[in-house]
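First the structure, in the form of structure tokens, and then the observations on it.
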Amino acid sequence: MVFIARNDPVSRHFSDHSHGSGAPPWTPRSDLRIAQMVGRSFRCGMLARKGGNAASWSFAWQEFAGLTGSQSADLLVGRLATFVETVDSSAARPIEVLPAGCPGLCRDECLAVSIIAASQLGACPALKACAFALLQSWEVEPCIRSAGAFSEGLRQAGQMLSADLVCNALALMPASSGRTVSHA
């Protein structure tokens with residue numbers, strides 16, 4: 001499992017407001033709070049699916065309700081559930097997530113965020129690459145469709161992810177995937 005360090009794209013975009021203003025030293029960008037919410041909610045959904053713990057869905061709902069309100073949270077949890085189910089059933093390997101309550105996001109959680117960001121942006125090649133990197137399967141279309149519904153729900157709720165959250169999925173693919181690696 002890969003842990004995201006403080007200098008990753010999701011954690012490093014914090015602004016330092018320590019110019020004597022009394023403001024907290026780190027204020028996260030709004031789109032990064034959304035990325036963390038999407039990643040943690042994906043984690044909750046996967047934990048609920050793997051462990052049959054319905055309380056995990058409650059945490060995901062609370063994540064959404066805190067930013068979007070309860071009506072949007074109901075819609076988003078339903079679409080998240082479909083995305084999580086599609087990812088889990090389409091993957092050629094077990095999807096890994098961090099335990100509940102862990103800070104940061106792991107590799108698979110970051111890829112899930114990247115899929116949703118690419119879907120919101122209409123970045124088709126990046127979307128397919130991220131879906132393949134997460135699923136390690138060529139059957140990415142069901143995942144892409146469910147990501148589209150979830151990302152559209154986020155958009156309707158006013159929650160947009162930025163383009164810099166779409167990762168270089170090829171860098172995250174295992175060497176055994178058949179891709180060629182440049183050693184320049």
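How things are named: the first chain in the structure tokens is A, the next is B, and so on; residues count from 1 in each chain; ligands count from 1 in the order shown.
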
Closest atom pairs, residues of region 37-124 of chain A within 12 Å of region 160-169 of chain A, only C-alpha atoms, as a Markdown table:
| residue | atom | partner | partner_atom | distance |
| --- | --- | --- | --- | --- |
| A:Met37 | CA | A:Leu161 | CA | 10.7 |
| A:Val38 | CA | A:Leu161 | CA | 9.4 |
| A:Gly39 | CA | A:Leu165 | CA | 11.4 |
| A:Leu67 | CA | A:Met160 | CA | 11.8 |
| A:Thr68 | CA | A:Met160 | CA | 11.8 |
| A:Arg107 | CA | A:Ala169 | CA | 10.2 |
| A:Asp108 | CA | A:Ala169 | CA | 10.7 |
| A:Glu109 | CA | A:Cys167 | CA | 11.6 |
| A:Cys110 | CA | A:Cys167 | CA | 8.1 |
| A:Leu111 | CA | A:Cys167 | CA | 7.3 |
| A:Ala112 | CA | A:Val166 | CA | 9.7 |
| A:Val113 | CA | A:Leu165 | CA | 7.3 |
| A:Ser114 | CA | A:Val166 | CA | 4.4 |
| A:Ile115 | CA | A:Val166 | CA | 7.2 |
| A:Ile116 | CA | A:Leu161 | CA | 7.9 |
| A:Ala117 | CA | A:Leu161 | CA | 5.3 |
| A:Ala118 | CA | A:Val166 | CA | 5.8 |
| A:Ser119 | CA | A:Val166 | CA | 9.5 |
| A:Gln120 | CA | A:Leu161 | CA | 7.3 |
| A:Leu121 | CA | A:Ala163 | CA | 7.1 |
| A:Gly122 | CA | A:Ala163 | CA | 10.2 |
| A:Ala123 | CA | A:Val166 | CA | 8.9 |
| A:Cys124 | CA | A:Val166 | CA | 11.2 |

Mind listing the helix (DSSP H, G or I) residues of region 13-165 of chain A, per DSSP on the backbone, as a ChimeraX atom specification? /A:30-51,55-68,70-90,107-121,124-135,141-156,163-165

Looking only at the backbone, which of the residues in region 22-139 of chain A does DSSP tag as strand (DSSP E or B), as a PyMOL selection string? chain A and resi 26-28+106

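Near Leu76 (chain A), within 8 Å and counting only C-alpha atoms, sit Trp61, Phe64, Phe150, Gly153 and Leu154 of chain A, not including residues fewer than 5 positions from it in the same chain.
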
Enter the distance from CA of Ala91 (chain A) to CA of Arg79 (chain A), in Å, rounded to one decimal.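 Going from CA of Ala91 (chain A) over to CA of Arg79 (chain A), I get 18.1 Å.
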
If you count only C-alpha atoms, which residues fall within 10 Å of Gly101 (chain A), apart from same-chain ones fewer than 4 positions away, as a list of chain:residue names?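 After dropping sequence-adjacent residues, the list is A:Arg40, A:Arg43, A:Cys44.
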
Looking at only C-alpha atoms, which of A:Ser72, A:Thr86, A:Gln156, A:Gln136 is the one that sits closest to Phe42 (chain A)? A:Thr86

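The spacing separating CA of Arg49 (chain A) from CA of Pro125 (chain A) amounts to 28.7 Å.
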
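Interatomic distance, CA of Ala81 (chain A) against CA of Gly45 (chain A): 6.4 Å.
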
Test item: residues at most 7 Å from Glu139 (chain A), only C-alpha atoms, excluding those fewer than 2 positions along its chain, as a ChimeraX atom specification: /A:90,137,141

Minimum-distance residue to Gln71 (chain A), chosen among A:Cys130, A:Ile144, A:Val87, A:Ala157 (using only C-alpha atoms):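 Under the stated criterion, the closest residue is A:Ala157.
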
Which one is closest to Ala73 (chain A): A:Gly51, A:Gly148, A:Met46, A:Ser41? Count only C-alpha atoms. A:Ser41
